[in-house]
>>> print(open('protein.json').read())   # JSON, C-alpha atoms
[["chain", "number", "residue", "atom", "x", "y", "z"],
["A", 1, "MET", "CA", -17.36, 58.57, -63.68],
["A", 2, "SER", "CA", -16.04, 57.22, -66.95],
["A", 3, "ALA", "CA", -17.58, 59.99, -69.01],
["A", 4, "THR", "CA", -15.35, 62.92, -69.87],
["A", 5, "ALA", "CA", -16.52, 66.47, -69.29],
["A", 6, "SER", "CA", -15.27, 69.53, -71.11],
["A", 7, "SER", "CA", -13.70, 72.07, -68.77],
["A", 8, "SER", "CA", -14.73, 75.28, -70.50],
["A", 9, "ALA", "CA", -17.47, 77.84, -69.84],
["A", 10, "LEU", "CA", -21.05, 76.67, -69.50],
["A", 11, "VAL", "CA", -22.78, 75.85, -72.77],
["A", 12, "THR", "CA", -26.37, 76.87, -73.43],
["A", 13, "GLY", "CA", -28.90, 74.37, -74.71],
["A", 14, "ASP", "CA", -29.18, 76.24, -78.01],
["A", 15, "GLU", "CA", -25.39, 76.12, -78.51],
["A", 16, "PHE", "CA", -25.31, 72.45, -77.63],
["A", 17, "ILE", "CA", -28.05, 71.51, -80.10],
["A", 18, "ARG", "CA", -26.54, 73.67, -82.84],
["A", 19, "LEU", "CA", -23.07, 72.13, -82.41],
["A", 20, "HIS", "CA", -23.90, 68.57, -81.32],
["A", 21, "GLY", "CA", -27.59, 67.98, -82.15],
["A", 22, "ASP", "CA", -26.81, 65.10, -84.50],
["A", 23, "GLU", "CA", -24.19, 63.35, -82.34],
["A", 24, "SER", "CA", -24.53, 60.24, -80.24],
["A", 25, "GLY", "CA", -22.59, 59.55, -77.06],
["A", 26, "ILE", "CA", -22.72, 63.13, -75.84],
["A", 27, "GLU", "CA", -24.92, 64.92, -73.31],
["A", 28, "LEU", "CA", -25.21, 68.36, -71.76],
["A", 29, "VAL", "CA", -25.21, 68.06, -67.97],
["A", 30, "ASN", "CA", -25.70, 71.28, -66.01],
["A", 31, "GLY", "CA", -24.30, 73.29, -68.90],
["A", 32, "VAL", "CA", -21.23, 71.06, -69.35],
["A", 33, "ILE", "CA", -20.68, 68.85, -72.40],
["A", 34, "VAL", "CA", -20.08, 65.25, -71.35],
["A", 35, "ARG", "CA", -18.81, 62.62, -73.78],
["A", 36, "LEU", "CA", -19.87, 59.08, -72.99],
["A", 37, "PRO", "CA", -17.93, 55.93, -73.92],
["A", 38, "MET", "CA", -19.47, 53.53, -76.42],
["A", 39, "PRO", "CA", -21.18, 50.85, -74.30],
["A", 40, "GLY", "CA", -20.87, 47.71, -76.45],
["A", 41, "THR", "CA", -22.91, 44.80, -77.73],
["A", 42, "ASP", "CA", -24.81, 43.79, -74.57],
["A", 43, "HIS", "CA", -26.04, 47.35, -74.12],
["A", 44, "GLY", "CA", -27.25, 47.47, -77.72],
["A", 45, "ILE", "CA", -29.08, 44.16, -77.43],
["A", 46, "VAL", "CA", -30.84, 45.18, -74.21],
["A", 47, "CYS", "CA", -31.74, 48.62, -75.66],
["A", 48, "GLY", "CA", -33.23, 46.84, -78.67],
["A", 49, "ASN", "CA", -35.26, 44.55, -76.44],
["A", 50, "VAL", "CA", -36.57, 47.44, -74.32],
["A", 51, "TYR", "CA", -37.54, 49.37, -77.46],
["A", 52, "HIS", "CA", -39.26, 46.28, -78.91],
["A", 53, "PHE", "CA", -41.43, 45.62, -75.85],
["A", 54, "ILE", "CA", -42.44, 49.27, -75.44],
["A", 55, "ARG", "CA", -43.09, 49.77, -79.16],
["A", 56, "GLU", "CA", -45.25, 46.63, -79.42],
["A", 57, "VAL", "CA", -47.61, 47.95, -76.73],
["A", 58, "VAL", "CA", -47.63, 51.50, -78.11],
["A", 59, "LYS", "CA", -48.23, 50.34, -81.68],
["A", 60, "ALA", "CA", -50.97, 47.86, -80.73],
["A", 61, "GLY", "CA", -52.86, 50.58, -78.88],
["A", 62, "ASN", "CA", -52.01, 53.40, -81.32],
["A", 63, "LEU", "CA", -50.82, 55.33, -78.27],
["A", 64, "GLY", "CA", -48.01, 57.53, -79.53],
["A", 65, "ARG", "CA", -44.38, 57.55, -80.65],
["A", 66, "VAL", "CA", -41.39, 55.54, -79.44],
["A", 67, "MET", "CA", -37.86, 56.79, -80.08],
["A", 68, "THR", "CA", -34.43, 55.27, -79.51],
["A", 69, "ASN", "CA", -30.72, 55.88, -80.19],
["A", 70, "ASP", "CA", -29.92, 58.66, -77.74],
["A", 71, "THR", "CA", -32.91, 60.87, -78.54],
["A", 72, "PHE", "CA", -32.10, 64.18, -76.87],
["A", 73, "VAL", "CA", -34.47, 65.14, -74.07],
["A", 74, "ARG", "CA", -34.31, 68.59, -72.49],
["A", 75, "THR", "CA", -33.95, 67.97, -68.77],
["A", 76, "ARG", "CA", -33.25, 71.42, -67.34],
["A", 77, "THR", "CA", -32.62, 75.08, -67.97],
["A", 78, "ASN", "CA", -30.16, 77.52, -66.45],
["A", 79, "PRO", "CA", -27.84, 75.71, -66.52],
["A", 80, "ASP", "CA", -29.18, 73.75, -69.45],
["A", 81, "GLY", "CA", -29.29, 69.98, -69.71],
["A", 82, "TYR", "CA", -29.94, 67.51, -72.51],
["A", 83, "ARG", "CA", -29.74, 63.78, -71.97],
["A", 84, "GLY", "CA", -29.70, 61.10, -74.63],
["A", 85, "ALA", "CA", -32.54, 58.69, -73.82],
["A", 86, "ASP", "CA", -31.96, 55.08, -74.81],
["A", 87, "VAL", "CA", -35.72, 54.75, -75.38],
["A", 88, "ALA", "CA", -38.49, 57.34, -74.99],
["A", 89, "PHE", "CA", -42.27, 57.16, -75.37],
["A", 90, "VAL", "CA", -44.44, 60.22, -75.97],
["A", 91, "SER", "CA", -48.20, 59.78, -76.17],
["A", 92, "TYR", "CA", -50.37, 61.31, -78.84],
["A", 93, "ASP", "CA", -51.93, 63.34, -76.00],
["A", 94, "ASN", "CA", -48.60, 65.17, -75.61],
["A", 95, "LEU", "CA", -47.43, 65.04, -79.24],
["A", 96, "PRO", "CA", -50.47, 64.52, -81.49],
["A", 97, "ALA", "CA", -50.24, 62.20, -84.48],
["A", 98, "THR", "CA", -51.21, 65.15, -86.68],
["A", 99, "VAL", "CA", -48.05, 67.05, -85.64],
["A", 100, "PRO", "CA", -44.93, 66.23, -87.68],
["A", 101, "HIS", "CA", -42.06, 64.46, -85.95],
["A", 102, "PRO", "CA", -39.96, 67.00, -84.04],
["A", 103, "LYS", "CA", -36.65, 67.74, -85.78],
["A", 104, "GLY", "CA", -34.80, 68.60, -82.58],
["A", 105, "PRO", "CA", -34.83, 67.39, -79.00],
["A", 106, "LEU", "CA", -37.87, 66.27, -77.06],
["A", 107, "ILE", "CA", -39.17, 68.66, -74.48],
["A", 108, "PRO", "CA", -41.28, 67.07, -71.73],
["A", 109, "PRO", "CA", -43.99, 66.15, -70.97],
["A", 110, "ILE", "CA", -42.89, 62.66, -71.89],
["A", 111, "GLU", "CA", -44.57, 59.58, -70.48],
["A", 112, "LEU", "CA", -41.64, 57.18, -70.34],
["A", 113, "VAL", "CA", -37.85, 57.12, -70.65],
["A", 114, "ALA", "CA", -35.83, 53.91, -70.43],
["A", 115, "GLU", "CA", -32.12, 53.98, -69.66],
["A", 116, "VAL", "CA", -29.99, 50.88, -70.00],
["A", 117, "ARG", "CA", -27.05, 50.96, -67.62],
["A", 118, "SER", "CA", -23.79, 50.90, -69.55],
["A", 119, "PRO", "CA", -20.79, 48.95, -68.25],
["A", 120, "SER", "CA", -19.01, 52.24, -67.48],
["A", 121, "ASP", "CA", -21.96, 53.69, -65.49],
["A", 122, "ALA", "CA", -22.07, 53.61, -61.72],
["A", 123, "TYR", "CA", -25.62, 52.87, -60.58],
["A", 124, "SER", "CA", -25.66, 56.22, -58.75],
["A", 125, "GLU", "CA", -24.98, 58.01, -62.07],
["A", 126, "VAL", "CA", -27.92, 56.30, -63.76],
["A", 127, "ALA", "CA", -30.16, 57.01, -60.76],
["A", 128, "THR", "CA", -29.13, 60.68, -60.91],
["A", 129, "LYS", "CA", -30.08, 60.72, -64.59],
["A", 130, "ALA", "CA", -33.44, 59.09, -63.77],
["A", 131, "TYR", "CA", -34.23, 61.78, -61.20],
["A", 132, "GLU", "CA", -33.18, 64.47, -63.67],
["A", 133, "TYR", "CA", -35.72, 63.11, -66.16],
["A", 134, "LEU", "CA", -38.41, 63.06, -63.47],
["A", 135, "ASP", "CA", -37.61, 66.62, -62.41],
["A", 136, "ALA", "CA", -38.03, 67.64, -66.07],
["A", 137, "GLY", "CA", -41.54, 66.19, -66.19],
["A", 138, "VAL", "CA", -41.08, 62.61, -67.39],
["A", 139, "LYS", "CA", -43.77, 60.47, -65.73],
["A", 140, "VAL", "CA", -41.86, 57.17, -65.42],
["A", 141, "VAL", "CA", -38.21, 56.20, -65.88],
["A", 142, "LEU", "CA", -37.03, 52.62, -66.30],
["A", 143, "VAL", "CA", -33.44, 51.80, -65.41],
["A", 144, "VAL", "CA", -32.58, 48.48, -66.98],
["A", 145, "ASP", "CA", -29.41, 46.96, -65.52],
["A", 146, "PRO", "CA", -27.75, 44.13, -67.49],
["A", 147, "GLU", "CA", -25.14, 43.65, -64.75],
["A", 148, "THR", "CA", -27.74, 42.66, -62.14],
["A", 149, "ASN", "CA", -30.52, 41.52, -64.51],
["A", 150, "SER", "CA", -32.87, 43.94, -62.80],
["A", 151, "VAL", "CA", -35.15, 46.83, -63.68],
["A", 152, "GLY", "CA", -35.69, 49.91, -61.53],
["A", 153, "VAL", "CA", -38.90, 51.89, -61.99],
["A", 154, "PHE", "CA", -38.69, 55.54, -60.93],
["A", 155, "ARG", "CA", -41.70, 57.81, -60.45],
["A", 156, "PRO", "CA", -42.01, 61.31, -59.01],
["A", 157, "ASN", "CA", -42.36, 61.48, -55.22],
["A", 158, "GLU", "CA", -41.98, 57.71, -54.76],
["A", 159, "LEU", "CA", -39.17, 55.40, -53.82],
["A", 160, "PRO", "CA", -37.93, 53.44, -56.84],
["A", 161, "GLN", "CA", -39.28, 49.93, -57.31],
["A", 162, "ARG", "CA", -36.79, 47.19, -58.17],
["A", 163, "PHE", "CA", -37.76, 44.14, -60.22],
["A", 164, "HIS", "CA", -35.59, 41.03, -60.61],
["A", 165, "ASN", "CA", -35.69, 37.84, -62.64],
["A", 166, "GLY", "CA", -39.03, 36.15, -62.05],
["A", 167, "ASP", "CA", -40.80, 39.49, -61.57],
["A", 168, "VAL", "CA", -43.02, 41.11, -64.20],
["A", 169, "VAL", "CA", -42.61, 44.82, -64.92],
["A", 170, "THR", "CA", -45.91, 46.64, -65.36],
["A", 171, "LEU", "CA", -46.49, 50.32, -66.07],
["A", 172, "PRO", "CA", -50.22, 50.89, -65.49],
["A", 173, "ASP", "CA", -49.86, 54.67, -65.26],
["A", 174, "VAL", "CA", -48.29, 55.10, -68.73],
["A", 175, "LEU", "CA", -48.82, 51.83, -70.65],
["A", 176, "PRO", "CA", -51.71, 49.92, -69.07],
["A", 177, "THR", "CA", -51.18, 46.69, -71.06],
["A", 178, "PHE", "CA", -47.38, 46.59, -70.61],
["A", 179, "ALA", "CA", -46.36, 43.43, -68.73],
["A", 180, "VAL", "CA", -42.87, 42.05, -69.41],
["A", 181, "PRO", "CA", -41.00, 39.44, -67.36],
["A", 182, "VAL", "CA", -37.67, 40.96, -66.30],
["A", 183, "GLY", "CA", -35.67, 38.13, -67.87],
["A", 184, "LYS", "CA", -37.04, 38.99, -71.34],
["A", 185, "PHE", "CA", -35.11, 42.29, -71.34],
["A", 186, "PHE", "CA", -31.82, 40.39, -71.18],
["A", 187, "GLU", "CA", -32.39, 37.61, -73.74]]
>>> encode(input="protein.json", output="structure tokens")
Amino acid sequence: MSATASSSALVTGDEFIRLHGDESGIELVNGVIVRLPMPGTDHGIVCGNVYHFIREVVKAGNLGRVMTNDTFVRTRTNPDGYRGADVAFVSYDNLPATVPHPKGPLIPPIELVAEVRSPSDAYSEVATKAYEYLDAGVKVVLVVDPETNSVGVFRPNELPQRFHNGDVVTLPDVLPTFAVPVGKFFE
């Protein structure tokens, strides 16, 4: 693992948010602060593409909010966990349009989280993160992998689906009109 973990006592979620709530490149994993390396240009381009495709569908259907840039998502308690989602979608059913934008982290239920695999991430690390999101109540997790030009779709109690160039990713359970050819994520 290329991320560096602090080797002190466990940190609570409240402490983490108070001390690091406005930082990027940092997560709380099982009560331990983990600093993540900056992933680089390709990662940023792919994250932007993922955000664009999700936001276009959400905006066209007036379905909810789409966030990016390591939006903290609470993934567990005791020990606490906060992950920085590359892209997250929350429907107006779960966070009504009449409610102001949350100032702090997102607390599931969340319909969709997308993680773009960084060059320093082992696939097993990203898959672990995907299952952590699902265990927290996220309905669907996309793992977008620039190294293999593939997209994994994770859902609770199902084996992950893997889409490659030539395939079209659809998400009928969270974004019924979403249909994006895999190659578009990597342009």
>>> residues_near_point(input="protein.json", point="(-28.0, 58.1, -60.0)", cutoff="12 Å", atoms="all atoms listed in the file", output="mmCIF file with C-alpha atoms, keeping the file's coordinate frame")
data_model
loop_
_atom_site.group_PDB
_atom_site.id
_atom_site.type_symbol
_atom_site.label_atom_id
_atom_site.label_comp_id
_atom_site.auth_asym_id
_atom_site.auth_seq_id
_atom_site.Cartn_x
_atom_site.Cartn_y
_atom_site.Cartn_z
ATOM 1 C CA MET A 1 -17.360 58.570 -63.680
ATOM 2 C CA GLU A 115 -32.120 53.980 -69.660
ATOM 3 C CA ARG A 117 -27.050 50.960 -67.620
ATOM 4 C CA ASP A 121 -21.960 53.690 -65.490
ATOM 5 C CA ALA A 122 -22.070 53.610 -61.720
ATOM 6 C CA TYR A 123 -25.620 52.870 -60.580
ATOM 7 C CA SER A 124 -25.660 56.220 -58.750
ATOM 8 C CA GLU A 125 -24.980 58.010 -62.070
ATOM 9 C CA VAL A 126 -27.920 56.300 -63.760
ATOM 10 C CA ALA A 127 -30.160 57.010 -60.760
ATOM 11 C CA THR A 128 -29.130 60.680 -60.910
ATOM 12 C CA LYS A 129 -30.080 60.720 -64.590
ATOM 13 C CA ALA A 130 -33.440 59.090 -63.770
ATOM 14 C CA TYR A 131 -34.230 61.780 -61.200
ATOM 15 C CA GLU A 132 -33.180 64.470 -63.670
ATOM 16 C CA TYR A 133 -35.720 63.110 -66.160
ATOM 17 C CA VAL A 141 -38.210 56.200 -65.880
ATOM 18 C CA VAL A 143 -33.440 51.800 -65.410
ATOM 19 C CA GLY A 152 -35.690 49.910 -61.530
ATOM 20 C CA PHE A 154 -38.690 55.540 -60.930
ATOM 21 C CA PRO A 160 -37.930 53.440 -56.840
#
>>> closest_residue(input="protein.json", among="A:Pro79, A:His43, A:Asp93, A:Ala88", to="Asp145 of chain A", atoms="only C-alpha atoms")
A:His43
>>> closest_residue(input="protein.json", among="A:Val87, A:Val140, A:Leu10, A:Met38", to="Glu111 of chain A", atoms="all atoms listed in the file")
A:Val140
>>> axis_aligned_box(input="protein.json", around="segment 26-34 of chain A", padding_each_side="5 Å", output="JSON")
{"center_x": -22.9, "center_y": 68.2, "center_z": -70.9, "size_x": 15.6, "size_y": 20.2, "size_z": 19.8}
>>> atom_distance(input="protein.json", atom1="atom CA of Val182 of chain A", atom2="atom CA of Gly48 of chain A")
14.4 Å
>>> decode(input="protein.json", residues="segment 30-60 of chain A", atoms="N, CA and C atoms", output="compact mmCIF listing (two decimals), in the first residue's frame")
# COMPACT_ATOMS: atom_id res chain seq x y z
N ASN A 30 -10.73 2.67 9.55
CA ASN A 30 -10.77 1.92 10.81
C ASN A 30 -10.12 2.68 11.95
N GLY A 31 -10.39 3.99 12.02
CA GLY A 31 -9.87 4.81 13.10
C GLY A 31 -8.45 5.29 12.93
N VAL A 32 -7.83 4.98 11.80
CA VAL A 32 -6.44 5.36 11.54
C VAL A 32 -6.39 6.36 10.38
N ILE A 33 -5.69 7.46 10.58
CA ILE A 33 -5.53 8.46 9.52
C ILE A 33 -4.57 7.93 8.47
N VAL A 34 -5.01 7.97 7.21
CA VAL A 34 -4.20 7.49 6.10
C VAL A 34 -4.03 8.64 5.12
N ARG A 35 -2.78 8.96 4.80
CA ARG A 35 -2.48 9.99 3.80
C ARG A 35 -2.24 9.31 2.47
N LEU A 36 -2.87 9.84 1.44
CA LEU A 36 -2.80 9.24 0.11
C LEU A 36 -1.93 10.10 -0.80
N PRO A 37 -1.11 9.47 -1.65
CA PRO A 37 -0.30 10.27 -2.57
C PRO A 37 -1.16 10.95 -3.63
N MET A 38 -0.68 12.07 -4.12
CA MET A 38 -1.38 12.77 -5.20
C MET A 38 -1.31 11.90 -6.46
N PRO A 39 -2.45 11.65 -7.11
CA PRO A 39 -2.47 10.67 -8.19
C PRO A 39 -2.04 11.15 -9.57
N GLY A 40 -2.07 12.41 -9.89
CA GLY A 40 -1.59 12.88 -11.18
C GLY A 40 -2.67 13.22 -12.18
N THR A 41 -2.20 13.60 -13.36
CA THR A 41 -3.04 14.15 -14.42
C THR A 41 -4.08 13.17 -14.94
N ASP A 42 -3.66 11.95 -15.28
CA ASP A 42 -4.62 10.98 -15.83
C ASP A 42 -5.79 10.76 -14.88
N HIS A 43 -5.49 10.63 -13.61
CA HIS A 43 -6.53 10.43 -12.59
C HIS A 43 -7.50 11.61 -12.61
N GLY A 44 -6.97 12.82 -12.66
CA GLY A 44 -7.82 14.01 -12.68
C GLY A 44 -8.71 14.08 -13.90
N ILE A 45 -8.17 13.71 -15.04
CA ILE A 45 -8.95 13.73 -16.29
C ILE A 45 -10.09 12.71 -16.21
N VAL A 46 -9.77 11.50 -15.76
CA VAL A 46 -10.80 10.46 -15.68
C VAL A 46 -11.85 10.83 -14.64
N CYS A 47 -11.43 11.38 -13.48
CA CYS A 47 -12.40 11.82 -12.48
C CYS A 47 -13.34 12.87 -13.08
N GLY A 48 -12.77 13.81 -13.83
CA GLY A 48 -13.59 14.83 -14.48
C GLY A 48 -14.59 14.24 -15.45
N ASN A 49 -14.15 13.25 -16.22
CA ASN A 49 -15.06 12.60 -17.16
C ASN A 49 -16.19 11.87 -16.44
N VAL A 50 -15.85 11.13 -15.39
CA VAL A 50 -16.87 10.40 -14.62
C VAL A 50 -17.88 11.39 -14.06
N TYR A 51 -17.39 12.46 -13.44
CA TYR A 51 -18.28 13.49 -12.88
C TYR A 51 -19.19 14.05 -13.98
N HIS A 52 -18.61 14.36 -15.12
CA HIS A 52 -19.38 14.95 -16.23
C HIS A 52 -20.54 14.03 -16.64
N PHE A 53 -20.26 12.76 -16.87
CA PHE A 53 -21.30 11.85 -17.35
C PHE A 53 -22.40 11.65 -16.30
N ILE A 54 -22.00 11.52 -15.04
CA ILE A 54 -23.01 11.36 -13.98
C ILE A 54 -23.82 12.64 -13.83
N ARG A 55 -23.14 13.78 -13.80
CA ARG A 55 -23.83 15.05 -13.58
C ARG A 55 -24.81 15.37 -14.72
N GLU A 56 -24.43 15.05 -15.95
CA GLU A 56 -25.33 15.32 -17.08
C GLU A 56 -26.66 14.59 -16.91
N VAL A 57 -26.62 13.33 -16.50
CA VAL A 57 -27.84 12.55 -16.30
C VAL A 57 -28.63 13.09 -15.11
N VAL A 58 -27.94 13.38 -14.02
CA VAL A 58 -28.60 13.87 -12.81
C VAL A 58 -29.25 15.22 -13.07
N LYS A 59 -28.52 16.11 -13.74
CA LYS A 59 -29.05 17.45 -14.01
C LYS A 59 -30.24 17.39 -14.97
N ALA A 60 -30.13 16.59 -16.03
CA ALA A 60 -31.21 16.48 -17.01
C ALA A 60 -32.50 15.98 -16.37
